[in-house]
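Okay, work.txt is below, compact mmCIF, C-alpha atoms and all ligand atoms:
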# COMPACT_ATOMS: atom_id res chain seq x y z
CA MET A 1 -6.00 5.45 4.86
CA LEU A 2 -5.31 1.81 4.09
CA GLU A 3 -7.71 1.49 1.14
CA ARG A 4 -6.12 4.45 -0.65
CA THR A 5 -2.44 4.05 0.22
CA GLY A 6 -2.08 0.34 0.92
CA ILE A 7 -0.24 1.34 4.09
CA PRO A 8 -1.83 0.41 7.41
CA THR A 9 -2.58 3.14 9.92
CA ASP A 10 -1.61 3.03 13.60
CA ASP A 11 -5.21 2.00 14.34
CA ASP A 12 -4.97 -0.90 11.89
CA LEU A 13 -1.69 -2.05 13.42
CA GLU A 14 -2.98 -1.82 16.95
CA LYS A 15 -5.44 -4.61 16.07
CA VAL A 16 -2.73 -7.08 15.00
CA ILE A 17 0.29 -6.36 17.20
CA PRO A 18 0.55 -8.44 20.40
CA ASN A 19 0.60 -6.62 23.71
CA LYS A 20 3.88 -5.61 25.39
CA GLU A 21 3.78 -8.55 27.78
CA ARG A 22 3.59 -11.08 24.93
CA LEU A 23 6.26 -9.27 22.91
CA ALA A 24 8.54 -9.38 25.95
CA LYS A 25 8.24 -13.18 26.11
CA GLY A 26 10.03 -13.72 22.80
CA PRO A 27 9.36 -14.42 19.12
CA VAL A 28 5.78 -13.98 17.97
CA VAL A 29 3.92 -13.64 14.71
CA ILE A 30 2.39 -10.39 13.44
CA ILE A 31 -0.04 -10.75 10.54
CA GLU A 32 -0.55 -7.44 8.76
CA CYS A 33 -3.51 -8.53 6.64
CA PHE A 34 -6.33 -5.98 6.64
CA GLN A 35 -8.43 -6.47 3.54
CA LYS A 36 -11.07 -9.14 3.27
CA ILE A 37 -10.21 -11.17 0.19
CA PRO A 38 -10.79 -14.84 -0.65
CA CYS A 39 -7.49 -16.14 0.73
CA ASP A 40 -6.72 -18.55 3.54
CA PRO A 41 -3.44 -20.50 3.24
CA CYS A 42 -2.16 -18.96 6.48
CA ALA A 43 -5.04 -20.55 8.38
CA ILE A 44 -3.85 -24.07 7.63
CA SER A 45 -0.12 -23.37 7.73
CA CYS A 46 0.24 -23.27 11.50
CA LYS A 47 0.40 -26.77 12.91
CA LEU A 48 0.15 -25.39 16.46
CA GLY A 49 -3.26 -23.85 15.84
CA ALA A 50 -2.05 -20.34 16.65
CA ILE A 51 -3.83 -19.00 13.56
CA LYS A 52 -7.48 -19.67 14.26
CA PRO A 53 -9.49 -21.62 11.65
CA PHE A 54 -11.43 -19.44 9.21
CA LYS A 55 -15.22 -19.69 9.20
CA ASP A 56 -15.29 -18.06 5.77
CA ILE A 57 -12.54 -17.77 3.13
CA ASN A 58 -12.87 -13.95 3.31
CA ASP A 59 -12.13 -13.86 7.05
CA LEU A 60 -9.15 -11.88 8.35
CA PRO A 61 -6.60 -13.98 10.25
CA GLN A 62 -6.98 -14.09 14.02
CA VAL A 63 -4.01 -15.18 16.14
CA ASP A 64 -3.82 -16.85 19.54
CA PHE A 65 -0.48 -15.32 20.54
CA ASP A 66 -0.11 -17.67 23.50
CA LYS A 67 0.07 -20.64 21.11
CA CYS A 68 2.57 -19.00 18.74
CA THR A 69 6.22 -20.00 19.13
CA GLY A 70 7.45 -17.59 16.46
CA CYS A 71 8.72 -20.45 14.29
CA GLY A 72 7.92 -18.47 11.12
CA ILE A 73 6.58 -21.38 9.06
CA CYS A 74 3.42 -19.41 8.23
CA ILE A 75 5.44 -16.59 6.64
CA SER A 76 6.05 -18.43 3.38
CA SER A 77 2.40 -19.49 3.07
CA CYS A 78 1.14 -15.94 2.49
CA PRO A 79 0.87 -14.72 -1.11
CA GLY A 80 0.38 -11.19 0.22
CA LEU A 81 3.76 -11.10 2.05
CA ALA A 82 1.81 -9.97 5.10
CA ILE A 83 3.25 -12.23 7.81
CA PHE A 84 6.24 -11.37 10.02
CA VAL A 85 7.81 -12.67 13.22
CA ILE A 86 9.33 -10.26 15.72
CA ASP A 87 11.70 -11.26 18.53
CA GLU A 88 12.27 -8.31 20.82
CA ASN A 89 14.53 -10.44 23.04
CA TYR A 90 17.10 -11.20 20.36
CA SER A 91 19.87 -9.27 22.17
CA ASP A 92 20.28 -6.29 24.50
CA GLU A 93 20.30 -3.83 21.60
CA LYS A 94 18.74 -5.66 18.68
CA SER A 95 15.43 -7.23 17.74
CA LEU A 96 15.12 -9.99 15.15
CA ILE A 97 12.62 -9.74 12.29
CA LYS A 98 11.74 -12.73 10.11
CA LEU A 99 10.20 -11.45 6.89
CA PRO A 100 9.08 -12.75 3.49
CA HIS A 101 11.37 -12.03 0.55
CA GLU A 102 10.89 -12.90 -3.12
CA MET A 103 13.54 -10.76 -4.85
CA LEU A 104 16.57 -12.51 -6.35
CA PRO A 105 19.45 -12.88 -5.87
CA LEU A 106 18.89 -13.63 -2.21
CA PRO A 107 21.04 -11.74 0.29
CA GLN A 108 23.74 -13.69 2.09
CA LYS A 109 24.02 -14.40 5.80
CA GLY A 110 26.12 -11.65 7.40
CA GLU A 111 25.39 -9.13 4.63
CA GLU A 112 24.40 -5.54 5.46
CA ILE A 113 21.25 -4.58 3.57
CA TYR A 114 18.88 -1.62 3.46
CA ALA A 115 15.87 -1.86 5.75
CA LEU A 116 12.60 -0.44 4.40
CA ASP A 117 9.42 0.64 6.14
CA ARG A 118 5.85 -0.26 5.11
CA ALA A 119 5.90 2.48 2.48
CA GLY A 120 9.08 1.09 0.94
CA GLU A 121 11.21 3.98 2.21
CA THR A 122 14.74 3.23 3.40
CA VAL A 123 14.97 3.75 7.16
CA GLY A 124 18.39 2.32 7.91
CA LYS A 125 20.67 -0.66 7.61
CA ALA A 126 20.14 -4.18 8.93
CA LYS A 127 22.23 -7.32 9.11
CA VAL A 128 21.11 -10.59 7.57
CA VAL A 129 21.20 -13.27 10.27
CA LYS A 130 19.65 -16.18 8.37
CA VAL A 131 18.41 -16.99 4.88
CA LEU A 132 15.85 -19.74 4.57
CA LYS A 133 15.18 -20.83 0.99
CA ILE A 134 11.73 -22.36 0.63
CA LYS A 135 11.22 -24.45 -2.49
CA SER A 136 8.40 -23.11 -4.70
CA LYS A 137 7.35 -20.66 -1.99
CA THR A 138 8.35 -17.33 -0.48
CA ASN A 139 11.80 -17.29 1.13
CA ILE A 140 12.26 -16.17 4.73
CA ILE A 141 15.01 -13.72 5.69
CA SER A 142 15.93 -13.03 9.31
CA ILE A 143 17.48 -9.64 10.03
CA SER A 144 18.69 -7.94 13.19
CA VAL A 145 17.64 -4.33 13.67
CA PRO A 146 17.82 -1.71 16.43
CA LYS A 147 15.04 -2.42 18.92
CA ASN A 148 13.24 0.86 18.20
CA MET A 149 12.91 -0.13 14.52
CA ALA A 150 11.31 -3.55 15.00
CA MET A 151 7.78 -2.28 14.43
CA LYS A 152 8.77 -0.10 11.46
CA ILE A 153 10.91 -2.30 9.20
CA ARG A 154 8.95 -4.67 6.99
CA SER A 155 11.11 -5.34 3.91
CA ILE A 156 14.69 -5.20 2.69
CA ARG A 157 16.68 -4.18 -0.33
CA ALA A 158 20.15 -5.39 -1.17
CA GLU A 159 22.92 -2.83 -1.37
CA ASP A 160 23.61 -1.81 -4.97
CA LYS A 161 27.22 -2.87 -5.52
CA ARG A 162 27.40 -1.72 -9.16
CA ASN A 163 29.01 1.60 -8.22
CA GLY A 164 31.71 0.15 -6.09
S1 LIG B 201 5.04 -18.30 13.67
FE1 LIG B 201 4.84 -20.57 13.81
S2 LIG B 201 3.61 -20.90 15.67
FE2 LIG B 201 3.37 -18.72 15.13
S3 LIG B 201 1.50 -18.61 13.87
FE3 LIG B 201 3.23 -18.87 12.45
S4 LIG B 201 3.40 -21.10 12.11
FE4 LIG B 201 2.14 -20.78 13.95
S1 LIG B 202 -2.50 -15.94 3.53
FE1 LIG B 202 -1.78 -13.80 3.80
S2 LIG B 202 -3.11 -12.54 2.48
FE2 LIG B 202 -4.11 -14.56 2.73
S3 LIG B 202 -5.51 -14.26 4.48
FE3 LIG B 202 -3.58 -15.09 5.30
S4 LIG B 202 -2.38 -13.27 5.89
FE4 LIG B 202 -4.02 -12.57 4.53
Would you give me this structure, written as structure tokens?
Ligand code: SF4
Ligand code: SF4
Amino acid sequence: MLERTGIPTDDDLEKVIPNKERLAKGPVVIIECFQKIPCDPCAISCKLGAIKPFKDINDLPQVDFDKCTGCGICISSCPGLAIFVIDENYSDEKSLIKLPHEMLPLPQKGEEIYALDRAGETVGKAKVVKVLKIKSKTNIISISVPKNMAMKIRSIRAEDKRNG
């Protein structure tokens, strides 16, 4: 249960994940924000209007997936680290995930890092494709992952190099 664990259920996720047809068209945002709190920077971050204007500051974000290009600009606007972009067309075997990342030092492009699920459990390795440093805001890391992991991986952890 989300309220108790902080981890969204399949039912929660079903409400925010675009349908298969939209996912197949290329990069698209997924906003995993489920609790009504007074917060709205995402609503003004998208210059294409893909995140619908809030009527109330406690609203949950609503996305017009047809307007979203998957640019990822909104990712760094979210203090809750709840915004991701998924590109299921990245390659024949891999999907691309753009995700928020605040830990330092930042990983490097080309580095292999641990991929974590929504519970923070390690579920495999991923390759860093791009590192976008955003001044005074959350950085955006792009990683490539096996296609069947694109809806599971939501954060990363650098490999601990202290033991070799
Ligand atoms: S990924 Fe880009 S186009 Fe899509 S909602 Fe975010 S800012 Fe808008
Ligand atoms: S900025 Fe993040 S936490 Fe705030 S409403 Fe938008 S998605 Fe939710």
Contacts to ligand LIG 202 (chain B) at 7 Å cut-off (all atoms listed in the file) as an mmCIF file with C-alpha atoms, keeping the file's coordinate frame:
data_model
loop_
_atom_site.group_PDB
_atom_site.id
_atom_site.type_symbol
_atom_site.label_atom_id
_atom_site.label_comp_id
_atom_site.auth_asym_id
_atom_site.auth_seq_id
_atom_site.Cartn_x
_atom_site.Cartn_y
_atom_site.Cartn_z
ATOM 1 C CA ILE A 31 -0.040 -10.750 10.540
ATOM 2 C CA GLU A 32 -0.550 -7.440 8.760
ATOM 3 C CA CYS A 33 -3.510 -8.530 6.640
ATOM 4 C CA CYS A 39 -7.490 -16.140 0.730
ATOM 5 C CA ASP A 40 -6.720 -18.550 3.540
ATOM 6 C CA PRO A 41 -3.440 -20.500 3.240
ATOM 7 C CA CYS A 42 -2.160 -18.960 6.480
ATOM 8 C CA ALA A 43 -5.040 -20.550 8.380
ATOM 9 C CA LEU A 60 -9.150 -11.880 8.350
ATOM 10 C CA PRO A 61 -6.600 -13.980 10.250
ATOM 11 C CA SER A 77 2.400 -19.490 3.070
ATOM 12 C CA CYS A 78 1.140 -15.940 2.490
ATOM 13 C CA PRO A 79 0.870 -14.720 -1.110
ATOM 14 C CA GLY A 80 0.380 -11.190 0.220
ATOM 15 C CA LEU A 81 3.760 -11.100 2.050
ATOM 16 C CA ALA A 82 1.810 -9.970 5.100
ATOM 17 C CA ILE A 83 3.250 -12.230 7.810
#
Fill in: Close residues, Val28 (chain A) itself excluded, 7 Å, only C-alpha atoms, min 2 positions apart in chain, as a count of residues only
10
Fill in: Residues within 7 Å of ligand LIG 201 (chain B), counting all atoms listed in the file, as a PyMOL selection string
chain A and resi 28-29+45-51+63+67-75+85
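With distances restricted to only C-alpha atoms, A:Ile156 is the closest residue to Leu104 (chain A) from A:Ile156, A:Ile44, A:Ala150, A:Ala24.
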Fill in: Shell of 7 Å around Lys147 (chain A), only C-alpha atoms, local chain residues under 3 positions omitted, as a ChimeraX atom specification
/A:88,93-95,150
Worksheet item: If we count all atoms listed in the file, what is near Ile140 (chain A) at a cut-off of 10 Å, once residues fewer than 3 positions away on the same chain are taken out, given as a PyMOL selection string?
Response: chain A and resi 72-73+75-76+84+97-102+106+130-134+137+143
Please produce a file of the residues just selected, as a tab-separated table (two decimals), in the coordinates of the input, where the atoms kept are C-alpha atoms.
chain	number	residue	atom	x	y	z
A	72	GLY	CA	7.92	-18.47	11.12
A	73	ILE	CA	6.58	-21.38	9.06
A	75	ILE	CA	5.44	-16.59	6.64
A	76	SER	CA	6.05	-18.43	3.38
A	84	PHE	CA	6.24	-11.37	10.02
A	97	ILE	CA	12.62	-9.74	12.29
A	98	LYS	CA	11.74	-12.73	10.11
A	99	LEU	CA	10.20	-11.45	6.89
A	100	PRO	CA	9.08	-12.75	3.49
A	101	HIS	CA	11.37	-12.03	0.55
A	102	GLU	CA	10.89	-12.90	-3.12
A	106	LEU	CA	18.89	-13.63	-2.21
A	130	LYS	CA	19.65	-16.18	8.37
A	131	VAL	CA	18.41	-16.99	4.88
A	132	LEU	CA	15.85	-19.74	4.57
A	133	LYS	CA	15.18	-20.83	0.99
A	134	ILE	CA	11.73	-22.36	0.63
A	137	LYS	CA	7.35	-20.66	-1.99
A	143	ILE	CA	17.48	-9.64	10.03
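Note that CA of Ser155 (chain A) and CA of Asp117 (chain A) are 6.6 Å apart.
Comparing the minimum interatomic distances between Arg154 (chain A) and each of A:Val123, A:Thr138, A:Val128, A:Ile57, counting all atoms listed in the file, we find that A:Val123 sits nearest.
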With all atoms of region 99-108 of chain A from the file as input, state the centre and edge lengths in Å to one decimal of the axis-aligned box that has 4 Å extra on each side, as JSON.
{"center_x": 16.4, "center_y": -12.2, "center_z": 0.3, "size_x": 22.7, "size_y": 10.9, "size_z": 21.2}
Response to the item:
CA of Met103 (chain A) to CA of Thr122 (chain A) measures 16.3 Å
All residues 6 Å or closer to Tyr114 (chain A), all atoms listed in the file, same chain fewer than 6 positions away omitted, as a JSON list (two decimals) with C-alpha atoms, in the coordinates of the input:
[["chain", "number", "residue", "atom", "x", "y", "z"],
["A", 124, "GLY", "CA", 18.39, 2.32, 7.91],
["A", 125, "LYS", "CA", 20.67, -0.66, 7.61],
["A", 156, "ILE", "CA", 14.69, -5.20, 2.69],
["A", 157, "ARG", "CA", 16.68, -4.18, -0.33]]
Item to complete: Measure the distance from CA of Ser136 (chain A) to CA of Gln108 (chain A) in Å and round it to one decimal.
Response: 19.2 Å
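Taking all atoms listed in the file into account, Met149 (chain A) lies nearest to A:Arg118 out of the set A:Ile37, A:Lys25, A:Val16, A:Arg118.
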